[in-house]
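> I am attaching a structure below and will ask some questions about it afterwards.
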Amino acid sequence: MVSRFKEALESGKFVITSEVAPPKGTNLEKMMHHIDLLKDKVDALNITDHQSSVMRFPSLGGALAVIEKGGEPVMQMTCRDRNRIALEADLLFAYSRGVKNVLCLTGDAVPVGDHKEAKGVFDLDSVQLLKTIRQMMDGQDLGGNNLDGAVEFCAGAIVTPEAQPIEPQLIKFEKKIEAGAEFFQTQAIYDLENFTKFMDYAREFKTKILAGIVLLSSARMARYMTENVPGIFVPQELIDEMSAVPKEEMLAKGIEIAGRTIAALKKDAICDGVHIMAIGKEEVVPDILAAAGLS
Amino acid sequence: MKAITRQKSIEDIQESLEGLDRIFVVGCGTCTTMTKTGGVEQVEEMKERLQEMGKRVTGSTVIPTACDDMTEEAMKENEQFIRSADAILSMSCALGVHRMNLYIDKPVIPAVDTLFIGVEETPGYFREACAQCGQCILGQTAGICPITACHKGLVNGPCGGTNNGKCEVDKDKDCAWTLIYNRLKEQGRLDLMRRYQPPRNHHIVLKPRSVKIT
């Protein structure tokens, strides 16, 4: 059966995805609540994979929880923690349990996380993982052996349109497409002019692009991101706009900015959809959708 | 190419010498001299530290290159002082420790940690140059090794953590793939970066690694 997410991508509609983060521990209550809240409002829900190299409940477990609740998961899979044998095995298991979408990532470096002395594996990289999925879809594992029962995934990747310098990123973007990436969820974008330029280039390729929308929850966060997070550029006028409102209204302002960015992307058909990352504020994703006129 | 080493803390050294009272100290005239972790000066300092710990130093030597057969000669020359010691404290890299172990029965205790094999790029600045992966791709990466110079050892281009040509783990470190990109561009060989690199073979030489040259 084809993934519902893939059908949405191919339907030509403006696709909406969002994400939930598994917990540190076995108390799944909050994650389950976020899944309940969002599963029917989006085309698919990403489950992060030890985001920022912080050990958590696994993305595969989160993806199964989304399925149990009738939602459509995108299982994020990084190359940081598993060698090719473990990645392939998890793909087999994920497929057998109904996971049909995978986002292939290299993964953050181990020392940025909370297990700083752990070994970073990186036996494969994101391009090689995409290619591995293709090979497994053709019925073969990386050892060249035939699989007794193949997999079928809609595999995607990420791209950073604001990366400096951009050219090496674009070469990798093209390699990911050649390796089978059917969709991209981008790093957060705030400057529509820059993003439109990126899309003018990306449109040449046969893949779907969902623009990354990260909710700005305060002026401080906006400043921090543009100064410190690789590949994120928040224009000064947005920082000023956030700073101009009282502290208690900043979140509402961030929701308004995210909503109007999404509405603009949709109105001018700049890209194929959006991927909304509320980072700890998943509760307000429905408000962002409402602000975008999408609910 | 040199073995780059760092001296262990004096507490660690003291702990590993527990119950060993008579010590013979060995330095190396090559790599650990260059990194100031086991040359003549550091050997003399170590002897003082050992005496402060209450150890008896039976003698010392600095072998010109502790990783080759000069070690055997040095062991022979100092045989009587080594025989009267409970252990050798080695201030050479791990290769020297291995060599010494071939020729004597006394415990050889390392006083330094071997960090990596590197080159001295500018005076006092040592950088890892080769991880001995056994499948050299320097010809396709403009002479910059992504296995050693990229934190994640990526072979198909940069990760998303790169920022303004720097690495996500350390803003002072260059992103290997930005360097590779710039250099390949200068050489008019960017097509090499577009080429798909398959997964690496981690068993080019089966571990434990050895080769026999005939």
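Labeling convention for the structure tokens: chains A, B, ... as they appear, residues from 1 per chain, ligands from 1 in order of appearance.
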Could you pull the residues within 7 Å of segment 229-239 of chain A, counting only C-alpha atoms, minus those fewer than 4 positions along the same chain, as a ChimeraX atom specification?
/A:160,162-164,188-191,219,222-223,225,243 /B:161-163
> Write the residues of the selection above to a file with C-alpha atoms, as a short mmCIF file (atom, residue, chain, number, x, y, z; two decimals), in the first residue's frame.

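Result file is result-v2.cif:
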```cif
data_model
loop_
_atom_site.label_atom_id
_atom_site.label_comp_id
_atom_site.auth_asym_id
_atom_site.auth_seq_id
_atom_site.Cartn_x
_atom_site.Cartn_y
_atom_site.Cartn_z
CA THR A 160 19.58 24.06 4.15
CA GLU A 162 20.41 29.53 3.85
CA ALA A 163 23.70 27.63 4.25
CA GLN A 164 26.86 29.67 3.85
CA ALA A 188 14.05 26.84 8.95
CA ILE A 189 13.53 29.65 6.46
CA TYR A 190 12.41 33.19 7.31
CA ASP A 191 13.50 35.26 4.33
CA ALA A 219 12.93 37.98 20.24
CA ALA A 222 15.18 34.78 17.04
CA ARG A 223 18.46 36.55 17.74
CA MET A 225 19.09 31.33 16.10
CA SER A 243 11.06 42.91 19.98
CA GLY B 161 26.00 21.63 10.72
CA THR B 162 28.54 23.56 8.69
CA ASN B 163 28.38 27.32 9.16
#
```
> Set out as a Markdown table a contact list for chain A and chain B with a cut-off of 8 Å, giving each residue of chain A that qualifies its closest atom pair and distance in Å to one decimal, counting only C-alpha atoms, ordered by chain and rising residue number.

```
| residue | atom | partner | partner_atom | distance |
| --- | --- | --- | --- | --- |
| A:Thr106 | CA | B:Cys159 | CA | 6.7 |
| A:Asp108 | CA | B:Gly161 | CA | 7.2 |
| A:Ala109 | CA | B:Val169 | CA | 6.8 |
| A:Pro111 | CA | B:Val169 | CA | 6.8 |
| A:Val112 | CA | B:Val169 | CA | 6.8 |
| A:Gly120 | CA | B:Lys152 | CA | 7.3 |
| A:Phe122 | CA | B:Lys152 | CA | 6.3 |
| A:Asp123 | CA | B:Pro199 | CA | 7.2 |
| A:Leu124 | CA | B:Pro199 | CA | 5.9 |
| A:Asp125 | CA | B:Leu154 | CA | 6.4 |
| A:Val127 | CA | B:Asn156 | CA | 7.0 |
| A:Gln128 | CA | B:Pro199 | CA | 6.5 |
| A:Val159 | CA | B:Gly160 | CA | 7.4 |
| A:Thr160 | CA | B:Gly160 | CA | 6.6 |
| A:Ala163 | CA | B:Asn163 | CA | 6.8 |
| A:Gln164 | CA | B:Asn164 | CA | 4.9 |
| A:Pro165 | CA | B:Asn164 | CA | 6.2 |
| A:Pro168 | CA | B:Tyr181 | CA | 6.3 |
| A:Gln169 | CA | B:Pro158 | CA | 6.6 |
| A:Ile171 | CA | B:Arg194 | CA | 6.2 |
| A:Lys172 | CA | B:Gly157 | CA | 5.8 |
| A:Lys175 | CA | B:Arg194 | CA | 6.7 |
| A:Pro230 | CA | B:Asn163 | CA | 4.9 |
| A:Gly231 | CA | B:Asn163 | CA | 6.4 |
```
> Output C-alpha atoms for every residue in the selection just made, as an mmCIF file, in the first residue's frame.

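Contents of selection.cif, as written:
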```
data_model
loop_
_atom_site.group_PDB
_atom_site.id
_atom_site.type_symbol
_atom_site.label_atom_id
_atom_site.label_comp_id
_atom_site.auth_asym_id
_atom_site.auth_seq_id
_atom_site.Cartn_x
_atom_site.Cartn_y
_atom_site.Cartn_z
ATOM 1 C CA THR A 106 23.411 12.408 8.767
ATOM 2 C CA ASP A 108 24.142 15.962 14.686
ATOM 3 C CA ALA A 109 27.603 15.408 16.079
ATOM 4 C CA PRO A 111 29.605 16.110 21.346
ATOM 5 C CA VAL A 112 26.703 18.591 20.979
ATOM 6 C CA GLY A 120 29.643 8.590 16.658
ATOM 7 C CA PHE A 122 28.445 7.454 10.721
ATOM 8 C CA ASP A 123 29.034 4.102 8.994
ATOM 9 C CA LEU A 124 26.716 5.493 6.295
ATOM 10 C CA ASP A 125 25.915 9.109 5.449
ATOM 11 C CA VAL A 127 23.169 9.994 0.708
ATOM 12 C CA GLN A 128 24.241 6.409 1.264
ATOM 13 C CA VAL A 159 18.416 20.743 2.715
ATOM 14 C CA THR A 160 19.584 24.062 4.146
ATOM 15 C CA ALA A 163 23.699 27.630 4.248
ATOM 16 C CA GLN A 164 26.859 29.665 3.852
ATOM 17 C CA PRO A 165 28.493 28.856 1.501
ATOM 18 C CA PRO A 168 28.608 22.582 -1.406
ATOM 19 C CA GLN A 169 25.112 22.069 0.115
ATOM 20 C CA ILE A 171 25.883 19.568 -4.662
ATOM 21 C CA LYS A 172 24.824 17.319 -1.787
ATOM 22 C CA LYS A 175 23.301 13.818 -4.824
ATOM 23 C CA PRO A 230 24.046 26.839 11.302
ATOM 24 C CA GLY A 231 22.039 27.647 8.184
#
```
> At a cut-off of 8 Å, using only C-alpha atoms, what residues contact segment 71-84 of chain A? Leave out same-chain residues fewer than 6 positions from it and give the result as a PDB file with N, CA and C atoms, in the first residue's frame.

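Written file, selection_0.pdb:
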```pdb
ATOM      1  N   ARG A   4       0.231   7.304   2.655  1.00  0.00           N
ATOM      2  CA  ARG A   4      -0.724   8.411   2.532  1.00  0.00           C
ATOM      3  C   ARG A   4       0.022   9.717   2.300  1.00  0.00           C
ATOM      4  N   PHE A   5       1.176   9.811   2.919  1.00  0.00           N
ATOM      5  CA  PHE A   5       1.995  11.016   2.767  1.00  0.00           C
ATOM      6  C   PHE A   5       2.457  11.167   1.314  1.00  0.00           C
ATOM      7  N   ILE A  35       0.557  13.856  19.559  1.00  0.00           N
ATOM      8  CA  ILE A  35       0.131  13.081  18.386  1.00  0.00           C
ATOM      9  C   ILE A  35      -1.387  13.243  18.194  1.00  0.00           C
ATOM     10  N   LYS A  39      -2.363  14.781  14.672  1.00  0.00           N
ATOM     11  CA  LYS A  39      -2.411  13.746  13.618  1.00  0.00           C
ATOM     12  C   LYS A  39      -3.445  14.000  12.520  1.00  0.00           C
ATOM     13  N   ASP A  40      -4.577  14.598  12.872  1.00  0.00           N
ATOM     14  CA  ASP A  40      -5.607  14.811  11.846  1.00  0.00           C
ATOM     15  C   ASP A  40      -5.513  16.186  11.190  1.00  0.00           C
ATOM     16  N   ASP A  43      -0.567  16.234   7.120  1.00  0.00           N
ATOM     17  CA  ASP A  43      -0.479  15.089   6.220  1.00  0.00           C
ATOM     18  C   ASP A  43       0.457  14.020   6.772  1.00  0.00           C
ATOM     19  N   ALA A  44       1.419  14.451   7.590  1.00  0.00           N
ATOM     20  CA  ALA A  44       2.311  13.487   8.243  1.00  0.00           C
ATOM     21  C   ALA A  44       2.994  14.158   9.418  1.00  0.00           C
ATOM     22  N   LEU A  45       3.394  13.303  10.357  1.00  0.00           N
ATOM     23  CA  LEU A  45       4.053  13.795  11.569  1.00  0.00           C
ATOM     24  C   LEU A  45       5.455  13.195  11.657  1.00  0.00           C
ATOM     25  N   ASN A  46       6.462  14.042  11.668  1.00  0.00           N
ATOM     26  CA  ASN A  46       7.828  13.532  11.855  1.00  0.00           C
ATOM     27  C   ASN A  46       8.036  13.149  13.318  1.00  0.00           C
ATOM     28  N   ILE A  47       8.850  12.101  13.510  1.00  0.00           N
ATOM     29  CA  ILE A  47       9.273  11.744  14.864  1.00  0.00           C
ATOM     30  C   ILE A  47      10.783  11.900  14.877  1.00  0.00           C
ATOM     31  N   THR A  48      11.259  12.772  15.743  1.00  0.00           N
ATOM     32  CA  THR A  48      12.702  13.068  15.734  1.00  0.00           C
ATOM     33  C   THR A  48      13.505  11.902  16.309  1.00  0.00           C
ATOM     34  N   ASP A  49      14.748  11.810  15.854  1.00  0.00           N
ATOM     35  CA  ASP A  49      15.632  10.691  16.210  1.00  0.00           C
ATOM     36  C   ASP A  49      16.785  11.213  17.079  1.00  0.00           C
ATOM     37  N   SER A  59      12.880   7.070  17.662  1.00  0.00           N
ATOM     38  CA  SER A  59      11.951   7.569  16.638  1.00  0.00           C
ATOM     39  C   SER A  59      11.058   6.441  16.119  1.00  0.00           C
ATOM     40  N   LEU A  60      11.618   5.231  16.051  1.00  0.00           N
ATOM     41  CA  LEU A  60      10.829   4.091  15.589  1.00  0.00           C
ATOM     42  C   LEU A  60       9.646   3.852  16.535  1.00  0.00           C
ATOM     43  N   ALA A  63       7.135   6.499  15.912  1.00  0.00           N
ATOM     44  CA  ALA A  63       6.439   6.273  14.640  1.00  0.00           C
ATOM     45  C   ALA A  63       5.330   5.228  14.822  1.00  0.00           C
ATOM     46  N   LEU A  64       5.627   4.184  15.593  1.00  0.00           N
ATOM     47  CA  LEU A  64       4.611   3.148  15.841  1.00  0.00           C
ATOM     48  C   LEU A  64       3.433   3.728  16.634  1.00  0.00           C
ATOM     49  N   VAL A  99       5.307   1.546   8.958  1.00  0.00           N
ATOM     50  CA  VAL A  99       5.968   2.847   8.742  1.00  0.00           C
ATOM     51  C   VAL A  99       6.320   2.922   7.255  1.00  0.00           C
ATOM     52  N   LYS A 100       5.903   3.992   6.599  1.00  0.00           N
ATOM     53  CA  LYS A 100       6.100   4.041   5.148  1.00  0.00           C
ATOM     54  C   LYS A 100       6.916   5.239   4.675  1.00  0.00           C
ATOM     55  N   ASN A 101       7.264   6.110   5.632  1.00  0.00           N
ATOM     56  CA  ASN A 101       8.032   7.307   5.255  1.00  0.00           C
ATOM     57  C   ASN A 101       9.252   7.432   6.147  1.00  0.00           C
ATOM     58  N   VAL A 102      10.388   7.720   5.513  1.00  0.00           N
ATOM     59  CA  VAL A 102      11.630   7.859   6.276  1.00  0.00           C
ATOM     60  C   VAL A 102      12.330   9.140   5.852  1.00  0.00           C
ATOM     61  N   LEU A 103      12.795   9.901   6.841  1.00  0.00           N
ATOM     62  CA  LEU A 103      13.610  11.082   6.557  1.00  0.00           C
ATOM     63  C   LEU A 103      15.051  10.722   6.913  1.00  0.00           C
ATOM     64  N   CYS A 104      15.924  10.761   5.894  1.00  0.00           N
ATOM     65  CA  CYS A 104      17.313  10.322   6.077  1.00  0.00           C
ATOM     66  C   CYS A 104      18.211  11.507   6.422  1.00  0.00           C
ATOM     67  N   LEU A 105      18.868  11.398   7.553  1.00  0.00           N
ATOM     68  CA  LEU A 105      19.708  12.485   8.041  1.00  0.00           C
ATOM     69  C   LEU A 105      21.091  11.958   8.406  1.00  0.00           C
ATOM     70  N   THR A 106      22.090  12.803   8.271  1.00  0.00           N
ATOM     71  CA  THR A 106      23.411  12.408   8.767  1.00  0.00           C
ATOM     72  C   THR A 106      23.348  12.316  10.292  1.00  0.00           C
ATOM     73  N   GLY A 107      22.732  13.304  10.925  1.00  0.00           N
ATOM     74  CA  GLY A 107      22.667  13.347  12.394  1.00  0.00           C
ATOM     75  C   GLY A 107      23.651  14.359  12.940  1.00  0.00           C
ATOM     76  N   ASP A 108      23.249  15.000  14.041  1.00  0.00           N
ATOM     77  CA  ASP A 108      24.142  15.962  14.686  1.00  0.00           C
ATOM     78  C   ASP A 108      25.364  15.236  15.242  1.00  0.00           C
ATOM     79  N   ALA A 109      26.394  15.992  15.506  1.00  0.00           N
ATOM     80  CA  ALA A 109      27.603  15.408  16.079  1.00  0.00           C
ATOM     81  C   ALA A 109      27.335  14.982  17.528  1.00  0.00           C
ATOM     82  N   VAL A 110      27.970  13.905  17.946  1.00  0.00           N
ATOM     83  CA  VAL A 110      27.779  13.405  19.314  1.00  0.00           C
ATOM     84  C   VAL A 110      28.118  14.463  20.385  1.00  0.00           C
ATOM     85  N   LYS A 119      30.485   6.933  21.038  1.00  0.00           N
ATOM     86  CA  LYS A 119      31.072   6.830  19.702  1.00  0.00           C
ATOM     87  C   LYS A 119      30.057   7.307  18.660  1.00  0.00           C
ATOM     88  N   GLY A 120      30.469   8.197  17.799  1.00  0.00           N
ATOM     89  CA  GLY A 120      29.643   8.590  16.658  1.00  0.00           C
ATOM     90  C   GLY A 120      29.870   7.559  15.575  1.00  0.00           C
ATOM     91  N   VAL A 121      28.804   6.947  15.054  1.00  0.00           N
ATOM     92  CA  VAL A 121      29.003   5.816  14.147  1.00  0.00           C
ATOM     93  C   VAL A 121      29.277   6.285  12.706  1.00  0.00           C
ATOM     94  N   PHE A 122      28.295   6.936  12.085  1.00  0.00           N
ATOM     95  CA  PHE A 122      28.445   7.454  10.721  1.00  0.00           C
ATOM     96  C   PHE A 122      29.051   6.407   9.765  1.00  0.00           C
ATOM     97  N   ASP A 123      28.600   5.166   9.904  1.00  0.00           N
ATOM     98  CA  ASP A 123      29.034   4.102   8.994  1.00  0.00           C
ATOM     99  C   ASP A 123      28.506   4.423   7.599  1.00  0.00           C
ATOM    100  N   LEU A 124      27.282   4.980   7.547  1.00  0.00           N
ATOM    101  CA  LEU A 124      26.716   5.493   6.295  1.00  0.00           C
ATOM    102  C   LEU A 124      26.523   6.993   6.471  1.00  0.00           C
ATOM    103  N   ASP A 125      26.346   7.711   5.362  1.00  0.00           N
ATOM    104  CA  ASP A 125      25.915   9.109   5.449  1.00  0.00           C
ATOM    105  C   ASP A 125      24.506   9.199   4.858  1.00  0.00           C
ATOM    106  N   SER A 126      23.939  10.399   4.857  1.00  0.00           N
ATOM    107  CA  SER A 126      22.538  10.529   4.443  1.00  0.00           C
ATOM    108  C   SER A 126      22.327  10.091   2.987  1.00  0.00           C
ATOM    109  N   LEU A 129      22.428   6.343   2.907  1.00  0.00           N
ATOM    110  CA  LEU A 129      21.223   5.764   3.529  1.00  0.00           C
ATOM    111  C   LEU A 129      20.050   5.802   2.545  1.00  0.00           C
ATOM    112  N   LEU A 142      22.505  -4.322   1.759  1.00  0.00           N
ATOM    113  CA  LEU A 142      23.794  -3.720   1.374  1.00  0.00           C
ATOM    114  C   LEU A 142      24.894  -4.759   1.198  1.00  0.00           C
TER     115      LEU A 142
END
```
> Quick one: residues within 12 Å of Glu15 of chain B, only C-alpha atoms, excluding same-chain residues fewer than 6 positions away - as a ChimeraX atom specification?
/B:8-9,21,50,53,109-111
> Would you write out those residues with N, CA and C atoms, as a PDB file, in the first residue's frame?

```pdb
ATOM      1  N   LYS B   8      50.197  12.030  30.453  1.00  0.00           N
ATOM      2  CA  LYS B   8      49.128  11.698  31.406  1.00  0.00           C
ATOM      3  C   LYS B   8      49.285  12.576  32.643  1.00  0.00           C
ATOM      4  N   SER B   9      48.219  12.712  33.416  1.00  0.00           N
ATOM      5  CA  SER B   9      48.324  13.506  34.645  1.00  0.00           C
ATOM      6  C   SER B   9      49.231  12.770  35.627  1.00  0.00           C
ATOM      7  N   ASP B  21      58.253   0.412  42.952  1.00  0.00           N
ATOM      8  CA  ASP B  21      59.015   1.464  43.624  1.00  0.00           C
ATOM      9  C   ASP B  21      60.270   1.908  42.879  1.00  0.00           C
ATOM     10  N   LEU B  50      59.009  11.705  40.130  1.00  0.00           N
ATOM     11  CA  LEU B  50      58.987  10.337  40.677  1.00  0.00           C
ATOM     12  C   LEU B  50      59.652  10.315  42.051  1.00  0.00           C
ATOM     13  N   MET B  53      57.445  11.529  44.605  1.00  0.00           N
ATOM     14  CA  MET B  53      56.439  10.502  44.954  1.00  0.00           C
ATOM     15  C   MET B  53      57.024   9.451  45.883  1.00  0.00           C
ATOM     16  N   ILE B 109      55.198   0.914  31.611  1.00  0.00           N
ATOM     17  CA  ILE B 109      54.023   1.727  31.930  1.00  0.00           C
ATOM     18  C   ILE B 109      54.066   3.017  31.119  1.00  0.00           C
ATOM     19  N   PRO B 110      53.035   3.301  30.317  1.00  0.00           N
ATOM     20  CA  PRO B 110      53.063   4.544  29.530  1.00  0.00           C
ATOM     21  C   PRO B 110      52.803   5.774  30.397  1.00  0.00           C
ATOM     22  N   ALA B 111      53.604   6.807  30.184  1.00  0.00           N
ATOM     23  CA  ALA B 111      53.400   8.091  30.873  1.00  0.00           C
ATOM     24  C   ALA B 111      52.710   9.091  29.955  1.00  0.00           C
TER      25      ALA B 111
END
```
> Per DSSP on the backbone, filter segment 4-203 of chain B down to the residues in alpha helix (DSSP H) and report them as a ChimeraX atom specification.
/B:10-16,31-34,40-52,70-77,79-83,94-103,146-149,176-186,191-194
> Tell me which of B:Asn78, B:Thr114, B:Thr33, B:Ser16 sits closest to Ile4 of chain B, counting only C-alpha atoms.
B:Thr114
> So, counting only C-alpha atoms, which residue among A:His33, A:Lys267, A:Lys197, A:Lys247 is closest to Glu282 of chain A?
A:His33
> Please list as a short mmCIF file (atom, residue, chain, number, x, y, z; two decimals) with N, CA and C atoms, in the first residue's frame every residue within 10 Å of Cys31 of chain B, counting only C-alpha atoms and excluding residues in the same chain fewer than 4 positions away.

```cif
data_model
loop_
_atom_site.label_atom_id
_atom_site.label_comp_id
_atom_site.auth_asym_id
_atom_site.auth_seq_id
_atom_site.Cartn_x
_atom_site.Cartn_y
_atom_site.Cartn_z
N MET B 1 55.35 12.69 9.25
CA MET B 1 54.22 12.15 10.02
C MET B 1 54.72 11.68 11.39
N LYS B 2 54.06 12.12 12.43
CA LYS B 2 54.51 11.84 13.78
C LYS B 2 53.36 11.33 14.65
N ALA B 3 53.77 10.60 15.70
CA ALA B 3 52.79 10.21 16.71
C ALA B 3 52.65 11.40 17.65
N ILE B 4 51.44 11.92 17.75
CA ILE B 4 51.20 13.09 18.61
C ILE B 4 50.71 12.58 19.97
N THR B 5 51.40 13.01 21.00
CA THR B 5 51.12 12.49 22.34
C THR B 5 50.83 13.60 23.34
N GLY B 27 62.69 7.97 27.43
CA GLY B 27 62.10 8.97 26.55
C GLY B 27 62.39 8.63 25.11
N THR B 35 56.98 16.99 20.52
CA THR B 35 55.75 17.46 21.19
C THR B 35 56.02 17.83 22.66
N LYS B 36 57.28 17.77 23.05
CA LYS B 36 57.69 18.12 24.43
C LYS B 36 56.95 17.31 25.48
N THR B 37 56.78 16.02 25.16
CA THR B 37 56.11 15.13 26.12
C THR B 37 57.05 14.02 26.60
N GLY B 38 58.23 13.89 25.95
CA GLY B 38 59.11 12.79 26.37
C GLY B 38 60.53 12.95 25.85
N GLY B 39 60.98 14.20 25.73
CA GLY B 39 62.37 14.46 25.34
C GLY B 39 63.25 14.53 26.58
N PRO B 64 66.93 7.39 20.48
CA PRO B 64 66.75 8.30 19.32
C PRO B 64 65.39 8.12 18.65
N THR B 65 65.01 6.88 18.33
CA THR B 65 63.64 6.60 17.86
C THR B 65 63.20 5.30 18.52
N ALA B 66 62.25 5.44 19.44
CA ALA B 66 61.89 4.30 20.28
C ALA B 66 61.06 3.26 19.54
N CYS B 67 60.57 3.58 18.33
CA CYS B 67 59.70 2.63 17.62
C CYS B 67 60.48 1.70 16.70
N SER B 92 57.71 7.53 25.57
CA SER B 92 57.62 7.51 24.10
C SER B 92 56.16 7.27 23.77
N CYS B 93 55.82 7.28 22.49
CA CYS B 93 54.43 6.96 22.10
C CYS B 93 54.18 5.47 22.32
#
```
> At a cut-off of 12 Å, using only C-alpha atoms, what residues contact segment 46-49 of chain B? Leave out same-chain residues fewer than 4 positions from it and give the result as a ChimeraX atom specification.
/B:7-11,13-14,22-27,37-42,53-61,88-91,111-112
> Between atom CA of Glu193 of chain A and atom CA of Leu9 of chain A, what is the distance, to one decimal in Å?
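Between atom CA of Glu193 of chain A and atom CA of Leu9 of chain A the gap is 23.9 Å.
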> Give the strand (DSSP E) residues of segment 81-272 of chain A, as DSSP finds them on the backbone, and put them as JSON, numbers by chain.
{"A": [101, 102, 103, 104, 105, 154, 155, 156, 157, 158, 159, 183, 184, 185, 186, 187, 188, 208, 209, 210, 211, 212, 213, 214]}
> May I have the residues from that selection written out with C-alpha atoms, as a PDB file, in the first residue's frame?

```pdb
ATOM      1  CA  ASN A 101       8.032   7.307   5.255  1.00  0.00           C
ATOM      2  CA  VAL A 102      11.630   7.859   6.276  1.00  0.00           C
ATOM      3  CA  LEU A 103      13.610  11.082   6.557  1.00  0.00           C
ATOM      4  CA  CYS A 104      17.313  10.322   6.077  1.00  0.00           C
ATOM      5  CA  LEU A 105      19.708  12.485   8.041  1.00  0.00           C
ATOM      6  CA  CYS A 154       8.789   7.191   0.620  1.00  0.00           C
ATOM      7  CA  ALA A 155      12.280   8.435   1.475  1.00  0.00           C
ATOM      8  CA  GLY A 156      13.237  12.038   1.971  1.00  0.00           C
ATOM      9  CA  ALA A 157      16.046  14.231   3.185  1.00  0.00           C
ATOM     10  CA  ILE A 158      16.821  17.733   4.345  1.00  0.00           C
ATOM     11  CA  VAL A 159      18.416  20.743   2.715  1.00  0.00           C
ATOM     12  CA  PHE A 183      10.888  14.968  -0.739  1.00  0.00           C
ATOM     13  CA  PHE A 184      12.868  17.520   1.231  1.00  0.00           C
ATOM     14  CA  GLN A 185      12.012  19.222   4.490  1.00  0.00           C
ATOM     15  CA  THR A 186      14.192  22.296   4.682  1.00  0.00           C
ATOM     16  CA  GLN A 187      16.022  23.867   7.576  1.00  0.00           C
ATOM     17  CA  ALA A 188      14.050  26.836   8.948  1.00  0.00           C
ATOM     18  CA  LYS A 208       9.002  17.891  -3.510  1.00  0.00           C
ATOM     19  CA  ILE A 209      10.123  20.700  -1.214  1.00  0.00           C
ATOM     20  CA  LEU A 210       8.462  21.423   2.126  1.00  0.00           C
ATOM     21  CA  ALA A 211       9.703  24.693   3.635  1.00  0.00           C
ATOM     22  CA  GLY A 212      10.867  24.474   7.240  1.00  0.00           C
ATOM     23  CA  ILE A 213       8.867  26.743   9.544  1.00  0.00           C
ATOM     24  CA  VAL A 214      10.340  27.085  13.017  1.00  0.00           C
TER      25      VAL A 214
END
```
> With only C-alpha atoms as the basis for distance, which of A:Ser52, A:Phe153, A:Phe57, A:Asn146 is at the shortest distance from Lys6 of chain A?
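Ranking A:Ser52, A:Phe153, A:Phe57, A:Asn146 by distance to Lys6 of chain A, first place goes to A:Phe153.
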> As an mmCIF file with N, CA and C atoms, in the first residue's frame, please: the residues near Tyr103 of chain B (cut-off 9 Å, only C-alpha atoms, same-chain neighbours under 4 positions excluded).

```cif
data_model
loop_
_atom_site.group_PDB
_atom_site.id
_atom_site.type_symbol
_atom_site.label_atom_id
_atom_site.label_comp_id
_atom_site.auth_asym_id
_atom_site.auth_seq_id
_atom_site.Cartn_x
_atom_site.Cartn_y
_atom_site.Cartn_z
ATOM 1 N N THR B 71 65.710 0.500 19.877
ATOM 2 C CA THR B 71 65.184 0.224 21.214
ATOM 3 C C THR B 71 65.873 -1.003 21.822
ATOM 4 N N GLU B 72 66.089 -2.008 20.976
ATOM 5 C CA GLU B 72 66.728 -3.228 21.473
ATOM 6 C C GLU B 72 68.120 -2.903 22.006
ATOM 7 N N MET B 75 67.962 -1.018 25.258
ATOM 8 C CA MET B 75 67.601 -1.893 26.365
ATOM 9 C C MET B 75 68.831 -2.667 26.850
ATOM 10 N N LYS B 76 69.638 -3.098 25.858
ATOM 11 C CA LYS B 76 70.857 -3.854 26.192
ATOM 12 C C LYS B 76 71.852 -2.978 26.931
ATOM 13 N N ARG B 99 57.539 -1.743 21.401
ATOM 14 C CA ARG B 99 58.915 -2.159 21.116
ATOM 15 C C ARG B 99 59.609 -2.648 22.377
#
```
